[in-house]
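Chemist: Sharing my_file-v5.txt (compact mmCIF, C-alpha atoms) below.
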```txt
# COMPACT_ATOMS: atom_id res chain seq x y z
CA MET A 27 0.00 0.00 0.00
CA SER A 28 1.34 3.41 -0.96
CA THR A 29 2.07 5.83 1.79
CA GLU A 30 2.12 8.94 -0.46
CA GLN A 31 -0.29 11.69 0.57
CA PRO A 32 -2.29 13.63 -2.08
CA PRO A 33 -1.06 17.22 -2.69
CA PRO A 34 -2.88 19.84 -0.70
CA GLN A 35 -5.75 21.49 -2.52
CA ALA A 36 -5.64 25.25 -3.16
CA PRO A 37 -8.29 27.14 -1.22
CA PRO A 38 -11.27 28.16 -3.33
CA PRO A 39 -11.17 31.74 -4.65
CA VAL A 40 -12.93 34.30 -2.56
CA TRP A 41 -14.87 37.05 -4.30
CA ARG A 42 -14.36 40.53 -3.04
CA PRO A 43 -16.00 43.65 -4.37
CA ALA A 44 -13.71 46.06 -6.22
CA PRO A 45 -12.90 49.26 -4.38
CA PRO A 46 -15.09 52.15 -5.39
CA LEU A 47 -13.69 54.45 -8.07
CA PRO A 48 -12.75 57.90 -6.84
CA VAL A 49 -15.42 60.41 -7.64
CA ARG A 50 -14.63 64.05 -8.35
CA PRO A 51 -16.87 66.57 -6.65
CA PRO A 52 -19.68 67.91 -8.80
CA SER A 53 -17.99 71.29 -9.08
CA ALA A 54 -15.18 69.70 -11.10
CA PHE A 55 -17.68 68.48 -13.72
CA LYS A 56 -19.33 71.84 -13.87
CA ARG A 57 -16.04 73.43 -14.78
CA GLY A 58 -15.53 70.97 -17.64
CA PHE A 59 -17.78 69.55 -20.33
CA GLY A 60 -19.39 67.20 -17.84
CA LEU A 61 -18.20 64.03 -19.56
CA GLY A 62 -14.78 62.47 -19.88
CA LEU A 63 -14.95 62.64 -23.69
CA GLY A 64 -16.01 66.24 -23.53
CA ALA A 65 -13.21 67.09 -21.17
CA SER A 66 -10.62 65.43 -23.42
CA LEU A 67 -12.05 67.10 -26.49
CA GLY A 68 -12.03 70.42 -24.75
CA VAL A 69 -8.36 70.07 -23.86
CA ALA A 70 -7.51 69.04 -27.41
CA LEU A 71 -9.44 71.94 -28.94
CA GLY A 72 -7.90 74.33 -26.49
CA LEU A 73 -4.37 73.21 -27.29
CA ALA A 74 -5.12 73.31 -31.02
CA ALA A 75 -6.50 76.82 -30.76
CA LEU A 76 -3.48 77.85 -28.75
CA GLY A 77 -1.15 76.33 -31.37
CA VAL A 78 -2.93 78.03 -34.26
CA GLY A 79 -2.89 81.30 -32.39
CA MET A 80 0.83 81.03 -31.78
CA VAL A 81 1.48 80.26 -35.46
CA VAL A 82 -0.66 83.21 -36.56
CA VAL A 83 1.10 85.52 -34.13
CA LEU A 84 4.49 84.19 -35.28
CA VAL A 85 3.71 84.68 -38.96
CA VAL A 86 2.21 88.14 -38.43
CA SER A 87 5.18 89.16 -36.31
CA LEU A 88 7.67 87.91 -38.88
CA VAL A 89 5.79 89.60 -41.70
CA ALA A 90 5.83 92.84 -39.76
CA LEU A 91 9.52 92.40 -38.99
CA VAL A 92 10.44 91.82 -42.62
CA SER A 93 8.14 94.42 -44.14
CA GLY A 94 8.66 97.01 -41.46
CA GLY A 95 12.02 98.10 -42.84
CA SER A 96 10.63 98.87 -46.28
CA GLN A 97 8.57 102.05 -46.44
CA SER A 98 7.90 101.75 -50.17
CA GLY A 99 6.43 98.29 -49.92
CA THR A 100 9.06 96.88 -52.29
CA ALA A 101 10.68 93.78 -50.87
CA GLU A 102 14.46 94.05 -50.72
CA PRO A 103 16.76 91.03 -50.62
CA LEU A 104 17.32 89.75 -47.12
CA THR A 105 20.93 90.29 -46.07
CA GLU A 106 23.18 89.71 -43.10
CA THR A 107 26.41 91.50 -42.27
CA VAL A 108 29.27 89.03 -42.58
CA TRP A 109 32.22 91.43 -42.36
CA GLY A 110 32.83 94.85 -40.86
CA ASP A 111 30.81 96.99 -38.49
CA PRO A 112 27.06 96.73 -39.17
CA ALA A 113 26.90 100.51 -38.69
CA ALA A 114 29.69 101.23 -41.19
CA GLY A 115 29.08 104.05 -43.64
CA SER A 116 30.01 102.10 -46.78
CA ARG A 117 28.38 98.90 -47.94
CA LEU A 118 29.25 96.08 -50.30
CA ILE A 119 26.64 93.51 -51.34
CA ALA A 120 27.80 89.88 -51.58
CA VAL A 121 25.74 87.48 -53.69
CA PRO A 122 26.56 83.77 -53.24
CA VAL A 123 26.65 81.36 -56.17
CA THR A 124 26.92 77.90 -54.62
CA GLY A 125 26.26 74.39 -55.78
CA VAL A 126 24.94 73.50 -59.22
CA ILE A 127 23.81 76.50 -61.25
CA LEU A 128 20.27 75.86 -62.45
CA GLY A 129 18.04 78.07 -64.55
CA GLY A 130 14.92 79.97 -63.65
CA GLU A 131 12.28 79.14 -61.07
CA SER A 132 13.40 78.53 -57.54
CA ASP A 133 12.35 75.36 -55.78
CA GLY A 134 12.70 76.99 -52.39
CA ALA A 135 16.41 76.25 -52.05
CA THR A 136 18.03 79.34 -53.55
CA PHE A 137 21.52 80.03 -52.28
CA GLY A 138 21.67 76.58 -50.76
CA GLY A 139 22.36 73.28 -52.45
CA ALA A 140 21.82 74.93 -55.83
CA THR A 141 21.78 78.39 -57.34
CA TYR A 142 19.09 79.62 -59.72
CA GLY A 143 20.72 81.85 -62.30
CA TYR A 144 17.66 83.92 -63.13
CA GLU A 145 16.97 84.60 -59.46
CA VAL A 146 20.55 85.73 -58.91
CA ALA A 147 20.14 87.94 -61.98
CA ASP A 148 16.92 89.40 -60.55
CA THR A 149 18.68 90.12 -57.26
CA ILE A 150 21.52 91.91 -59.02
CA ASP A 151 19.15 93.79 -61.34
CA ALA A 152 17.27 95.13 -58.31
CA LEU A 153 20.39 96.86 -56.98
CA GLU A 154 20.67 100.56 -57.74
CA GLU A 155 23.72 102.77 -57.42
CA ASP A 156 22.67 104.07 -53.99
CA ASP A 157 22.00 100.60 -52.55
CA ALA A 158 25.66 99.66 -52.25
CA ASP A 159 29.14 100.85 -53.14
CA GLY A 160 30.02 97.65 -54.98
CA LEU A 161 29.16 94.02 -55.66
CA ILE A 162 30.89 90.78 -54.72
CA LEU A 163 30.11 87.43 -56.31
CA GLU A 164 31.04 84.62 -53.92
CA LEU A 165 31.44 81.40 -55.87
CA ASN A 166 31.76 77.78 -54.89
CA THR A 167 30.27 75.88 -57.80
CA PRO A 168 31.09 73.12 -60.29
CA GLY A 169 28.97 74.94 -62.90
CA GLY A 170 25.66 73.81 -64.31
CA THR A 171 23.31 75.02 -67.02
CA ILE A 172 24.61 77.39 -69.66
CA TYR A 173 21.57 79.63 -69.59
CA GLY A 174 21.65 79.96 -65.80
CA SER A 175 25.35 80.81 -65.85
CA ARG A 176 24.97 83.30 -68.69
CA ALA A 177 22.04 84.96 -66.90
CA ILE A 178 24.37 85.80 -63.99
CA ALA A 179 27.07 87.06 -66.34
CA ASP A 180 24.62 89.32 -68.17
CA ALA A 181 23.27 90.71 -64.88
CA VAL A 182 26.80 91.54 -63.74
CA GLU A 183 27.39 93.43 -66.97
CA ARG A 184 24.12 95.36 -66.57
CA TYR A 185 25.04 96.24 -62.99
CA GLN A 186 28.39 97.63 -64.07
CA GLU A 187 26.78 99.76 -66.75
CA ARG A 188 23.90 100.91 -64.52
CA THR A 189 25.85 101.85 -61.42
CA GLY A 190 29.45 102.40 -62.45
CA ASN A 191 30.46 100.31 -59.42
CA GLN A 192 33.14 97.65 -59.49
CA VAL A 193 32.37 93.93 -59.25
CA MET A 194 34.76 91.48 -57.62
CA ALA A 195 34.36 87.73 -57.94
CA HIS A 196 35.76 85.75 -55.02
CA VAL A 197 36.22 82.02 -55.57
CA GLN A 198 35.74 80.25 -52.26
CA GLY A 199 36.62 76.64 -53.06
CA MET A 200 35.81 76.17 -56.74
CA SER A 201 34.53 78.05 -59.72
CA ALA A 202 34.48 75.67 -62.64
CA SER A 203 32.85 75.67 -66.04
CA GLY A 204 29.56 77.58 -65.62
CA GLY A 205 31.11 79.35 -62.63
CA VAL A 206 33.80 80.78 -64.92
CA TYR A 207 31.06 81.72 -67.38
CA ALA A 208 29.20 83.60 -64.63
CA MET A 209 32.18 85.48 -63.20
CA ALA A 210 34.34 86.16 -66.25
CA GLY A 211 33.02 89.71 -66.69
CA ALA A 212 33.84 90.81 -63.15
CA ASP A 213 36.31 93.69 -62.86
CA GLN A 214 38.58 91.56 -60.68
CA ILE A 215 38.60 87.83 -60.01
CA VAL A 216 40.17 86.72 -56.74
CA ALA A 217 40.66 83.11 -55.66
CA ASP A 218 40.87 82.01 -52.05
CA HIS A 219 43.78 79.81 -51.07
CA GLY A 220 43.45 76.25 -52.32
CA SER A 221 40.60 77.06 -54.72
CA LEU A 222 40.23 75.56 -58.20
CA VAL A 223 39.32 77.52 -61.32
CA GLY A 224 38.79 76.48 -64.93
CA SER A 225 37.06 73.73 -66.90
CA ILE A 226 36.06 75.89 -69.86
CA GLY A 227 34.01 73.37 -71.80
CA VAL A 228 30.57 71.93 -72.40
CA ILE A 229 29.15 68.47 -71.93
CA MET A 230 25.97 66.59 -72.77
CA GLY A 231 24.64 63.41 -71.24
CA PRO A 232 24.38 60.91 -69.86
CA PHE A 233 23.37 58.44 -72.56
CA GLU A 234 22.88 54.89 -71.32
CA ARG A 235 23.18 51.75 -73.40
CA TRP A 236 21.57 48.55 -72.13
CA ARG A 237 22.97 45.61 -74.12
CA ASP A 238 21.00 42.39 -74.66
CA VAL A 239 18.21 43.11 -72.20
CA THR A 240 16.66 39.94 -70.81
CA GLY A 241 14.14 41.47 -68.45
CA ILE A 242 12.99 44.50 -66.54
CA PRO A 243 12.13 42.94 -63.17
CA GLY A 244 12.15 46.16 -61.21
CA SER A 245 9.18 47.24 -59.15
CA LEU A 246 7.63 50.61 -58.55
CA PHE A 247 9.82 51.08 -55.49
CA GLU A 248 13.00 49.51 -56.88
CA PRO A 249 13.34 49.86 -60.66
CA GLY A 250 15.91 47.72 -62.43
CA VAL A 251 16.92 45.98 -65.62
CA THR A 252 18.69 42.69 -66.32
CA THR A 253 21.07 42.43 -69.26
CA GLU A 254 23.53 39.89 -70.65
CA GLY A 255 25.73 42.48 -72.33
CA GLY A 256 25.93 44.95 -69.46
CA ILE A 257 25.04 48.62 -69.21
CA THR A 258 27.25 51.42 -70.48
CA GLU A 259 26.90 55.16 -69.98
CA GLU A 260 28.24 57.75 -72.36
CA TYR A 261 28.65 61.51 -72.45
CA LEU A 262 29.34 63.66 -75.48
CA SER A 263 31.94 66.21 -74.60
CA ARG A 264 32.04 68.25 -77.80
CA GLY A 265 29.52 67.92 -79.27
CA ARG A 266 19.20 62.56 -85.84
CA GLY A 267 17.07 60.40 -84.72
CA LYS A 268 13.63 60.66 -83.21
CA ASP A 269 14.55 58.24 -80.43
CA LEU A 270 17.95 59.68 -79.68
CA GLY A 271 19.00 58.43 -76.26
CA ASN A 272 17.11 55.15 -76.56
CA PRO A 273 19.07 52.82 -74.26
CA TYR A 274 18.22 49.80 -76.41
CA ARG A 275 20.39 50.84 -79.36
CA ASP A 276 23.70 52.49 -80.12
CA MET A 277 23.95 56.15 -81.08
CA THR A 278 24.63 56.60 -84.78
CA ASP A 279 27.54 58.58 -86.24
CA GLU A 280 25.05 61.04 -87.70
CA GLU A 281 23.49 61.65 -84.29
CA ARG A 282 26.91 62.22 -82.80
CA ALA A 283 27.69 64.74 -85.53
CA VAL A 284 24.42 66.65 -85.07
CA LEU A 285 24.76 66.87 -81.29
CA GLY A 286 28.46 67.60 -81.63
CA GLY A 287 27.64 70.56 -83.84
CA GLY A 288 25.46 72.01 -81.09
CA LEU A 289 28.21 71.48 -78.52
CA ASP A 290 30.72 73.12 -80.85
CA ARG A 291 28.54 76.22 -81.07
CA GLU A 292 28.01 76.48 -77.31
CA TYR A 293 31.69 75.85 -76.67
CA ALA A 294 32.71 78.54 -79.16
CA GLU A 295 30.43 81.08 -77.47
CA PHE A 296 31.80 80.12 -74.06
CA VAL A 297 35.40 80.49 -75.26
CA ALA A 298 34.65 83.80 -77.00
CA TRP A 299 33.01 85.21 -73.86
CA VAL A 300 35.93 84.28 -71.58
CA SER A 301 38.42 85.50 -74.19
CA GLU A 302 36.74 88.90 -74.44
CA ALA A 303 36.15 89.33 -70.70
CA ARG A 304 39.58 88.17 -69.56
CA GLY A 305 41.72 89.23 -72.52
CA ILE A 306 42.97 85.70 -73.23
CA PRO A 307 43.31 84.68 -76.90
CA GLU A 308 40.70 82.14 -77.94
CA GLN A 309 43.31 79.77 -79.29
CA THR A 310 45.14 79.85 -75.97
CA ILE A 311 41.95 78.83 -74.20
CA VAL A 312 41.34 75.99 -76.64
CA ASP A 313 44.92 74.69 -76.90
CA GLN A 314 46.45 75.48 -73.50
CA LEU A 315 43.70 75.85 -70.93
CA GLY A 316 41.33 73.27 -72.36
CA ALA A 317 38.71 72.05 -69.89
CA PHE A 318 41.17 71.53 -67.03
CA VAL A 319 40.86 73.10 -63.58
CA PHE A 320 43.82 74.92 -62.08
CA ASP A 321 44.99 75.98 -58.66
CA GLY A 322 44.82 79.66 -57.84
CA GLY A 323 48.47 80.43 -58.59
CA THR A 324 48.38 78.69 -61.95
CA ALA A 325 45.07 80.38 -62.75
CA VAL A 326 46.79 83.74 -62.12
CA ASP A 327 49.60 82.79 -64.49
CA LEU A 328 47.04 81.81 -67.15
CA GLY A 329 45.01 84.99 -66.75
CA LEU A 330 41.87 83.35 -65.36
CA VAL A 331 42.38 84.96 -61.96
CA ASP A 332 43.91 88.30 -60.97
CA ARG A 333 45.21 87.41 -57.52
CA VAL A 334 44.98 84.94 -54.62
CA LEU A 335 43.56 86.36 -51.40
CA GLY A 336 41.81 85.00 -48.34
CA ARG A 337 38.40 86.29 -47.34
CA GLU A 338 39.59 89.12 -45.09
CA GLU A 339 42.02 90.45 -47.67
CA ALA A 340 39.51 89.95 -50.49
CA TYR A 341 36.84 92.03 -48.74
CA ARG A 342 39.33 94.81 -48.07
CA TYR A 343 40.42 94.69 -51.69
CA ALA A 344 36.80 94.93 -52.88
CA ALA A 345 36.39 98.08 -50.78
CA GLU A 346 39.57 99.59 -52.24
CA MET A 347 38.37 98.75 -55.75
CA ASN A 348 35.31 100.90 -55.13
CA ASP A 349 37.25 103.75 -53.51
CA VAL A 350 35.81 103.34 -50.02
CA ASP A 351 37.63 102.98 -46.73
CA PRO A 352 37.86 99.31 -45.69
CA GLU A 353 37.79 100.40 -42.03
CA ASP A 354 34.36 101.99 -42.57
CA THR A 355 32.89 99.31 -44.85
CA ARG A 356 30.66 96.36 -44.19
CA VAL A 357 29.83 93.38 -46.40
CA ASP A 358 26.17 92.37 -46.40
CA ARG A 359 25.53 88.95 -47.89
CA VAL A 360 22.22 88.08 -49.54
CA ILE A 361 20.64 85.15 -47.71
CA GLY A 362 18.22 82.62 -49.09
CA PRO A 363 14.58 82.13 -48.09
CA GLY A 364 13.86 80.62 -44.72
CA LEU A 365 10.79 79.38 -42.88
CA LEU A 366 8.82 82.56 -43.51
CA ASP A 367 9.35 82.38 -47.26
CA LEU A 368 8.23 78.76 -47.36
CA LEU A 369 5.12 79.54 -45.28
CA LEU A 370 4.10 82.54 -47.35
CA SER A 371 4.81 80.92 -50.71
CA ALA A 372 3.04 77.68 -49.68
CA ARG A 373 5.65 75.66 -51.51
CA ALA A 374 6.63 72.16 -50.70
CA PRO A 375 10.36 72.13 -49.96
CA GLY A 376 12.19 71.41 -53.16
CA GLY A 377 9.21 71.69 -55.47
CA ARG A 378 6.53 73.87 -57.02
CA PRO A 379 3.31 74.52 -55.12
CA GLY A 380 1.65 71.23 -54.34
CA ALA A 381 4.50 69.17 -55.77
CA ALA A 382 6.00 66.28 -53.89
CA ALA A 383 9.38 66.95 -52.34
CA PRO A 384 12.34 65.42 -54.20
CA GLU A 385 14.70 62.97 -52.61
CA PRO A 386 17.24 64.66 -50.32
CA GLY A 387 20.38 65.75 -52.13
CA ARG A 388 18.94 65.39 -55.63
CA SER A 389 19.10 68.22 -58.12
CA THR A 390 16.70 68.92 -60.96
CA VAL A 391 19.64 69.52 -63.31
CA CYS A 392 19.77 65.79 -64.01
CA THR A 393 16.12 65.09 -64.72
CA GLY A 394 14.46 64.97 -68.10
CA ALA A 395 16.25 64.94 -71.44
CA PRO A 396 20.05 65.40 -71.51
CA LEU A 397 21.06 69.07 -71.48
CA VAL A 398 24.09 70.87 -72.85
CA LEU A 399 25.85 71.81 -69.61
CA ALA A 400 28.83 73.82 -68.51
CA HIS A 401 29.63 71.52 -65.61
CA HIS A 402 32.78 70.05 -64.11
CA GLY A 403 32.90 66.63 -62.49
CA ASP A 404 30.58 63.66 -62.24
CA LEU A 405 27.01 64.61 -63.01
CA ALA A 406 25.80 61.51 -61.18
CA ALA A 407 27.19 62.97 -57.97
CA ALA A 408 25.26 66.19 -58.54
CA CYS A 409 22.08 64.18 -59.07
CA SER A 410 22.33 61.83 -56.13
CA GLY A 411 24.33 63.83 -53.65
CA ASP A 412 26.73 60.90 -53.23
```
Show this structure as structure tokens.

Modeler:
Amino acid sequence: MSTEQPPPQAPPPVWRPAPPLPVRPPSAFKRGFGLGLGASLGVALGLAALGVGMVVVLVVSLVALVSGGSQSGTAEPLTETVWGDPAAGSRLIAVPVTGVILGGESDGATFGGATYGYEVADTIDALEEDDADGLILELNTPGGTIYGSRAIADAVERYQERTGNQVMAHVQGMSASGGVYAMAGADQIVADHGSLVGSIGVIMGPFERWRDVTGIPGSLFEPGVTTEGGITEEYLSRGRGKDLGNPYRDMTDEERAVLGGGLDREYAEFVAWVSEARGIPEQTIVDQLGAFVFDGGTAVDLGLVDRVLGREEAYRYAAEMNDVDPEDTRVDRVIGPGLLDLLLSARAPGGRPGAAAPEPGRSTVCTGAPLVLAHHGDLAAACSGD
């Protein structure tokens, strides 16, 4: 007989009433909506109204701040003093040309990752003789579209004729291709230490060739193509068919000749403009300078640049060029649009009103059909930001 005892049984559960919920005094309900949902909704509406009110007050205050300095009602370019005493008697206006030079309509990023040539031209054209004692172009650009670059160059020429003031171009890192196009007409070109100048040439592309395509398995979110012969990419650097650029066939010799003729014309105009503005023989530009970039010292030797100066010395030199005392001169730089501009223009960042924002770091210079560009370096890097 087993001597094991059965395990002890757990005591049966005992029911106990739950403790009463705390009850707020009636006066607390009277101060609210009377119901929990109403109270929550009231808080939410109150916070929302407070938020909207703060935004309205912020926008109105900023509008008043910006418009308050203009008695005529004409909006002047926003500027900030970057050198000298803000109360100095003489003033130089600095206009930055940074990133890829695009063409006309701003996508809300002017003077940032890209420069819009027509907007820079509009800014310069708005300057009268009494607005400033001189103009400084501050460049750090690999170039870009020909028409955007030429728009800046033409505006500089109009400014010189309209005001009689001197224009100094200061290269702060790089001014290549379209940058040279934009600044060539300046009265003096100064390069900061370590800067690169040059690349007088034009380019068109890219043209892709997909050889022996076996499938296009890409999806909406990840496009792609499968080939047995590989994918090649080609640019025309001098530069007939309805489907020119079709990646499923090679470009014909005739197409190369037609596009090359267009590049030849643009290149000739580019060379002629730099030759006239800088006093360098056209043949020297074609045979000796080519489309290479040069350090500041070499650029001085070649006539592309007048001297090498750091920022402090360059600003002082710009004042001396315009016959004003550097000790009583300030440099006011034009600044791009900020939050207020985006709110008032109702633009999506990086796009036209209502347009979806582009991928970060991407530039519109590389979308659509291939363009004839005055650009130095890998265009893929300008497109992707890599």

Chemist: Just want the 8 Å neighbourhood of range 119-121 of chain A, counted on only C-alpha atoms, with same-chain residues fewer than 6 positions away dropped. Output as a list in words.

Modeler: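 My list of contacting residues is Val146, Ala158, Asp159, Gly160, Leu161, Ile162, Leu163, Glu164, Val357, Asp358, Arg359 and Val360 of chain A.
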
Chemist: Could you write out that same residue set with C-alpha atoms as a compact mmCIF listing (two decimals), keeping the file's coordinate frame?

Modeler:
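Just written: result.txt:
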```txt
# COMPACT_ATOMS: atom_id res chain seq x y z
CA VAL A 146 20.55 85.73 -58.91
CA ALA A 158 25.66 99.66 -52.25
CA ASP A 159 29.14 100.85 -53.14
CA GLY A 160 30.02 97.65 -54.98
CA LEU A 161 29.16 94.02 -55.66
CA ILE A 162 30.89 90.78 -54.72
CA LEU A 163 30.11 87.43 -56.31
CA GLU A 164 31.04 84.62 -53.92
CA VAL A 357 29.83 93.38 -46.40
CA ASP A 358 26.17 92.37 -46.40
CA ARG A 359 25.53 88.95 -47.89
CA VAL A 360 22.22 88.08 -49.54
```

Chemist: What's around Leu330 in chain A at 8 Å? Count all atoms listed in the file, leave out sequence neighbours fewer than 2 positions away in its own chain, and write the answer as a count of residues only.

Modeler: 9

Chemist: Restricting the calculation to all atoms listed in the file: of A:Thr167, A:Ser225, A:Ser116, A:Thr240, which residue gets closest to Gln314 in chain A?

Modeler: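 The answer is A:Ser225, which sits nearest to Gln314 in chain A.
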
Chemist: Would you mind listing what lies within 12 Å of Tyr343 in chain A as a CSV table (one decimal) with C-alpha atoms, in the frame of the given file, with only C-alpha atoms counted and same-chain residues fewer than 3 positions away left out?

Modeler:
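Saved the output as around.csv:
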```csv
chain,number,residue,atom,x,y,z
A,118,LEU,CA,29.2,96.1,-50.3
A,160,GLY,CA,30.0,97.6,-55.0
A,161,LEU,CA,29.2,94.0,-55.7
A,162,ILE,CA,30.9,90.8,-54.7
A,192,GLN,CA,33.1,97.6,-59.5
A,193,VAL,CA,32.4,93.9,-59.2
A,194,MET,CA,34.8,91.5,-57.6
A,195,ALA,CA,34.4,87.7,-57.9
A,196,HIS,CA,35.8,85.8,-55.0
A,213,ASP,CA,36.3,93.7,-62.9
A,214,GLN,CA,38.6,91.6,-60.7
A,215,ILE,CA,38.6,87.8,-60.0
A,216,VAL,CA,40.2,86.7,-56.7
A,332,ASP,CA,43.9,88.3,-61.0
A,333,ARG,CA,45.2,87.4,-57.5
A,334,VAL,CA,45.0,84.9,-54.6
A,335,LEU,CA,43.6,86.4,-51.4
A,336,GLY,CA,41.8,85.0,-48.3
A,337,ARG,CA,38.4,86.3,-47.3
A,338,GLU,CA,39.6,89.1,-45.1
A,339,GLU,CA,42.0,90.4,-47.7
A,340,ALA,CA,39.5,90.0,-50.5
A,346,GLU,CA,39.6,99.6,-52.2
A,347,MET,CA,38.4,98.8,-55.8
A,348,ASN,CA,35.3,100.9,-55.1
A,349,ASP,CA,37.2,103.8,-53.5
A,350,VAL,CA,35.8,103.3,-50.0
A,351,ASP,CA,37.6,103.0,-46.7
A,352,PRO,CA,37.9,99.3,-45.7
A,353,GLU,CA,37.8,100.4,-42.0
A,355,THR,CA,32.9,99.3,-44.8
A,357,VAL,CA,29.8,93.4,-46.4
```

Chemist: Any idea what the distance is between CA of Arg235 in chain A and CA of Asp276 in chain A?

Modeler: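 A separation of 6.8 Å between them.
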
Chemist: Using all atoms listed in the file, determine which residues lie at most 9 Å from Gly204 in chain A, disregarding the query and same-chain residues fewer than 5 positions distant; provide the list as a list in words.

Modeler: Val126, Ile127, Thr167, Pro168, Gly169, Gly170, Thr171, Ile172, Gly174, Ser175, Arg176, Met209, Ser225, Ile226, Gly227, Val228, Leu399, Ala400, His401 and His402 of chain A

Chemist: As an exercise, work out the distance from CA of Ser201 in chain A to CA of Thr107 in chain A in Å and give it to one decimal place.

Modeler: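 Answer for the CA of Ser201 in chain A to CA of Thr107 in chain A separation: 23.5 Å.
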
Chemist: If you count all atoms listed in the file, which residues fall within 8 Å of Leu104 in chain A, apart from same-chain ones fewer than 2 positions away, as a PDB file with C-alpha atoms, in the frame of the given file?

Modeler:
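Listed below is the output, out-v8.pdb:
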```pdb
ATOM      1  CA  GLU A 102      14.460  94.050 -50.720  1.00  0.00           C
ATOM      2  CA  GLU A 106      23.180  89.710 -43.100  1.00  0.00           C
ATOM      3  CA  VAL A 360      22.220  88.080 -49.540  1.00  0.00           C
ATOM      4  CA  ILE A 361      20.640  85.150 -47.710  1.00  0.00           C
ATOM      5  CA  GLY A 362      18.220  82.620 -49.090  1.00  0.00           C
TER       6      GLY A 362
END
```
